[in-house]
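Remarks on the structure that follows.
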Amino acid sequence: MGLFKKPTIEDERINNIKNKIYAEIYILVIVISMISIVVKYFIYDFGIEGIATELLILFLSAVYYMYRSTRLGVVSAEIEMHDRKSKWSQQKKNLFYGITLGIGIALFFGINSAVQYAEGVPQSINYFFVTALGSLMIYMPFFLIILVVGNDVLKKKSDKAVNKMLEDDFGDYDEKY
């Protein structure tokens with residue numbers, strides 16, 4: 001009810017500075033987690049069990065950011081702002097990145113398979129094409145679903161959240177008359 005609470009006046013400049021500091025702390029935690037993963041996994045040869053905490057921090061922070069930004073309507077606003085100032089829409093860029101990542105991984109695996117496991121040129125060509133096509137069939141749909149479809153789903157949910165906020169703000173006003 002707030003009868004005995006003093007009304008607090010907050011300085012917007014101070015709040016913005018505090019939010020910037022929190023954002024810097026978040027970036028610092030992510031960087032420290034990444035450095036810890038690299039050191040533990042590649043230098044000390046820990047397995048996945050040794051870096052599970054860092055992976056969990058990275059994964060959960062990304063999921064939380066995605067959830068909160070979708071619920072607050074930030075995703076649709078970011079996509080709209082991006083589409084205004086960019087030649088390519090966010091959806092086209094995600095499509096391009098999905099195809100590029102799929103082809104890049106397929107080529108990497110194909111070349112790796114041809115170089116490491118083949119004996120002679122004909123077998124290396126065969127290994128390259130078999131591995132590259134198999135990887136392309138696996139990874140390109142995966143990246144397209146994650147990047148394109150996932151982004152569209154997030155945008156639709158974010159648009160719904162914005163519309164709900166607008167209904168809540170203006171719905172009461174219209175109902176009075």
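Order determines the names: the first chain of the structure tokens is A, the second B, and so forth; residues in each chain are numbered 1 upward, and ligands are numbered 1 upward as they are shown.
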In chain A, DSSP alpha helix (DSSP H) residues written as a VMD selection string: chain A and resid 12 to 38 52 to 71 74 to 85 90 to 117 121 to 144 150 to 175
Residues from last step as file, C-alpha atoms, as a compact mmCIF listing (two decimals), in the first residue's frame:
```txt
# COMPACT_ATOMS: atom_id res chain seq x y z
CA GLU A 12 17.87 9.12 -14.30
CA ARG A 13 21.53 9.87 -15.00
CA ILE A 14 22.61 7.84 -11.96
CA ASN A 15 20.34 4.95 -12.98
CA ASN A 16 21.80 4.95 -16.49
CA ILE A 17 25.35 4.95 -15.13
CA LYS A 18 24.51 2.07 -12.77
CA ASN A 19 22.99 0.14 -15.66
CA LYS A 20 26.17 0.68 -17.69
CA ILE A 21 28.23 -0.62 -14.79
CA TYR A 22 25.99 -3.70 -14.53
CA ALA A 23 26.40 -4.29 -18.27
CA GLU A 24 30.18 -4.04 -17.91
CA ILE A 25 30.08 -6.53 -15.01
CA TYR A 26 28.05 -8.92 -17.16
CA ILE A 27 30.58 -8.66 -19.99
CA LEU A 28 33.41 -9.17 -17.50
CA VAL A 29 31.79 -12.34 -16.14
CA ILE A 30 31.31 -13.69 -19.66
CA VAL A 31 34.93 -12.93 -20.61
CA ILE A 32 36.24 -14.55 -17.41
CA SER A 33 34.08 -17.62 -18.09
CA MET A 34 35.42 -17.87 -21.65
CA ILE A 35 39.03 -17.52 -20.48
CA SER A 36 38.41 -20.17 -17.83
CA ILE A 37 36.98 -22.54 -20.45
CA VAL A 38 39.96 -22.06 -22.75
CA ALA A 52 30.48 -27.53 -16.89
CA THR A 53 30.04 -24.60 -14.51
CA GLU A 54 31.34 -22.08 -17.01
CA LEU A 55 29.24 -23.57 -19.80
CA LEU A 56 26.21 -23.43 -17.53
CA ILE A 57 26.89 -19.75 -16.75
CA LEU A 58 27.19 -18.91 -20.45
CA PHE A 59 24.12 -20.91 -21.45
CA LEU A 60 21.84 -19.72 -18.65
CA SER A 61 22.82 -16.07 -19.04
CA ALA A 62 22.05 -16.25 -22.76
CA VAL A 63 18.71 -17.95 -22.13
CA TYR A 64 17.81 -15.42 -19.42
CA TYR A 65 18.71 -12.47 -21.65
CA MET A 66 16.68 -13.92 -24.49
CA TYR A 67 13.69 -14.55 -22.21
CA ARG A 68 13.74 -11.11 -20.58
CA SER A 69 14.32 -9.18 -23.78
CA THR A 70 11.46 -11.07 -25.44
CA ARG A 71 9.06 -10.51 -22.51
CA VAL A 74 13.18 -5.40 -26.68
CA VAL A 75 13.73 -8.00 -29.42
CA SER A 76 11.15 -6.55 -31.78
CA ALA A 77 12.42 -3.01 -31.12
CA GLU A 78 16.02 -4.06 -31.82
CA ILE A 79 15.02 -5.83 -35.03
CA GLU A 80 12.98 -2.81 -36.13
CA MET A 81 15.87 -0.44 -35.42
CA HIS A 82 18.28 -2.76 -37.24
CA ASP A 83 15.99 -3.02 -40.28
CA ARG A 84 15.68 0.78 -40.47
CA LYS A 85 19.38 1.47 -40.71
CA GLN A 90 17.68 -9.08 -39.87
CA GLN A 91 15.89 -12.09 -41.36
CA LYS A 92 18.00 -11.96 -44.54
CA LYS A 93 21.19 -11.64 -42.50
CA ASN A 94 20.23 -14.62 -40.34
CA LEU A 95 19.46 -16.64 -43.48
CA PHE A 96 22.84 -15.68 -44.94
CA TYR A 97 24.67 -16.49 -41.70
CA GLY A 98 22.89 -19.85 -41.38
CA ILE A 99 23.82 -20.86 -44.92
CA THR A 100 27.39 -19.58 -44.53
CA LEU A 101 27.92 -21.40 -41.23
CA GLY A 102 26.47 -24.62 -42.66
CA ILE A 103 28.69 -24.46 -45.74
CA GLY A 104 31.73 -23.45 -43.69
CA ILE A 105 31.41 -26.36 -41.27
CA ALA A 106 30.71 -28.78 -44.12
CA LEU A 107 33.84 -27.63 -45.96
CA PHE A 108 35.93 -27.84 -42.79
CA PHE A 109 34.79 -31.37 -42.02
CA GLY A 110 35.18 -32.41 -45.67
CA ILE A 111 38.73 -31.09 -45.90
CA ASN A 112 39.63 -32.57 -42.52
CA SER A 113 38.28 -35.96 -43.53
CA ALA A 114 40.07 -35.88 -46.90
CA VAL A 115 43.41 -34.87 -45.38
CA GLN A 116 43.46 -37.08 -42.29
CA TYR A 117 41.77 -40.29 -43.34
CA VAL A 121 43.81 -38.50 -54.36
CA PRO A 122 40.72 -40.43 -55.54
CA GLN A 123 39.88 -41.56 -52.02
CA SER A 124 40.44 -38.05 -50.61
CA ILE A 125 38.05 -36.58 -53.20
CA ASN A 126 35.49 -39.24 -52.33
CA TYR A 127 35.90 -38.65 -48.58
CA PHE A 128 35.67 -34.90 -49.07
CA PHE A 129 32.39 -35.03 -50.98
CA VAL A 130 30.77 -37.67 -48.78
CA THR A 131 31.70 -35.88 -45.55
CA ALA A 132 30.94 -32.40 -46.88
CA LEU A 133 27.51 -33.37 -48.21
CA GLY A 134 26.65 -35.28 -45.05
CA SER A 135 27.71 -32.35 -42.88
CA LEU A 136 25.82 -29.94 -45.11
CA MET A 137 22.64 -31.98 -44.73
CA ILE A 138 23.05 -32.02 -40.95
CA TYR A 139 24.33 -28.57 -40.08
CA MET A 140 22.64 -26.23 -42.57
CA PRO A 141 19.08 -27.08 -41.47
CA PHE A 142 20.22 -26.86 -37.84
CA PHE A 143 21.64 -23.35 -38.27
CA LEU A 144 18.68 -22.22 -40.37
CA GLY A 150 14.24 -18.99 -33.73
CA ASN A 151 14.57 -15.28 -34.46
CA ASP A 152 11.10 -15.17 -36.03
CA VAL A 153 9.57 -16.90 -33.01
CA LEU A 154 11.30 -14.50 -30.63
CA LYS A 155 10.14 -11.51 -32.68
CA LYS A 156 6.53 -12.70 -32.69
CA LYS A 157 6.57 -13.28 -28.93
CA SER A 158 8.17 -9.89 -28.42
CA ASP A 159 5.52 -8.24 -30.62
CA LYS A 160 2.82 -9.95 -28.54
CA ALA A 161 4.42 -8.63 -25.35
CA VAL A 162 4.52 -5.10 -26.76
CA ASN A 163 0.89 -5.31 -27.89
CA LYS A 164 -0.14 -6.61 -24.46
CA MET A 165 1.70 -3.75 -22.76
CA LEU A 166 0.00 -1.27 -25.06
CA GLU A 167 -3.41 -2.85 -24.38
CA ASP A 168 -2.79 -2.66 -20.64
CA ASP A 169 -1.75 0.99 -20.86
CA PHE A 170 -4.56 2.12 -23.12
CA GLY A 171 -7.18 -0.49 -22.25
CA ASP A 172 -8.00 1.09 -18.90
CA TYR A 173 -8.21 4.53 -20.42
CA ASP A 174 -10.75 3.45 -23.04
CA GLU A 175 -12.85 1.50 -20.58
```
May I ask for the distance between CA of Leu72 (chain A) and CA of Glu10 (chain A), given in Å to one decimal place?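 Calculated distance between CA of Leu72 (chain A) and CA of Glu10 (chain A) is 21.7 Å.
The space between CA of Ile51 (chain A) and CA of Ile146 (chain A) spans 24.1 Å.
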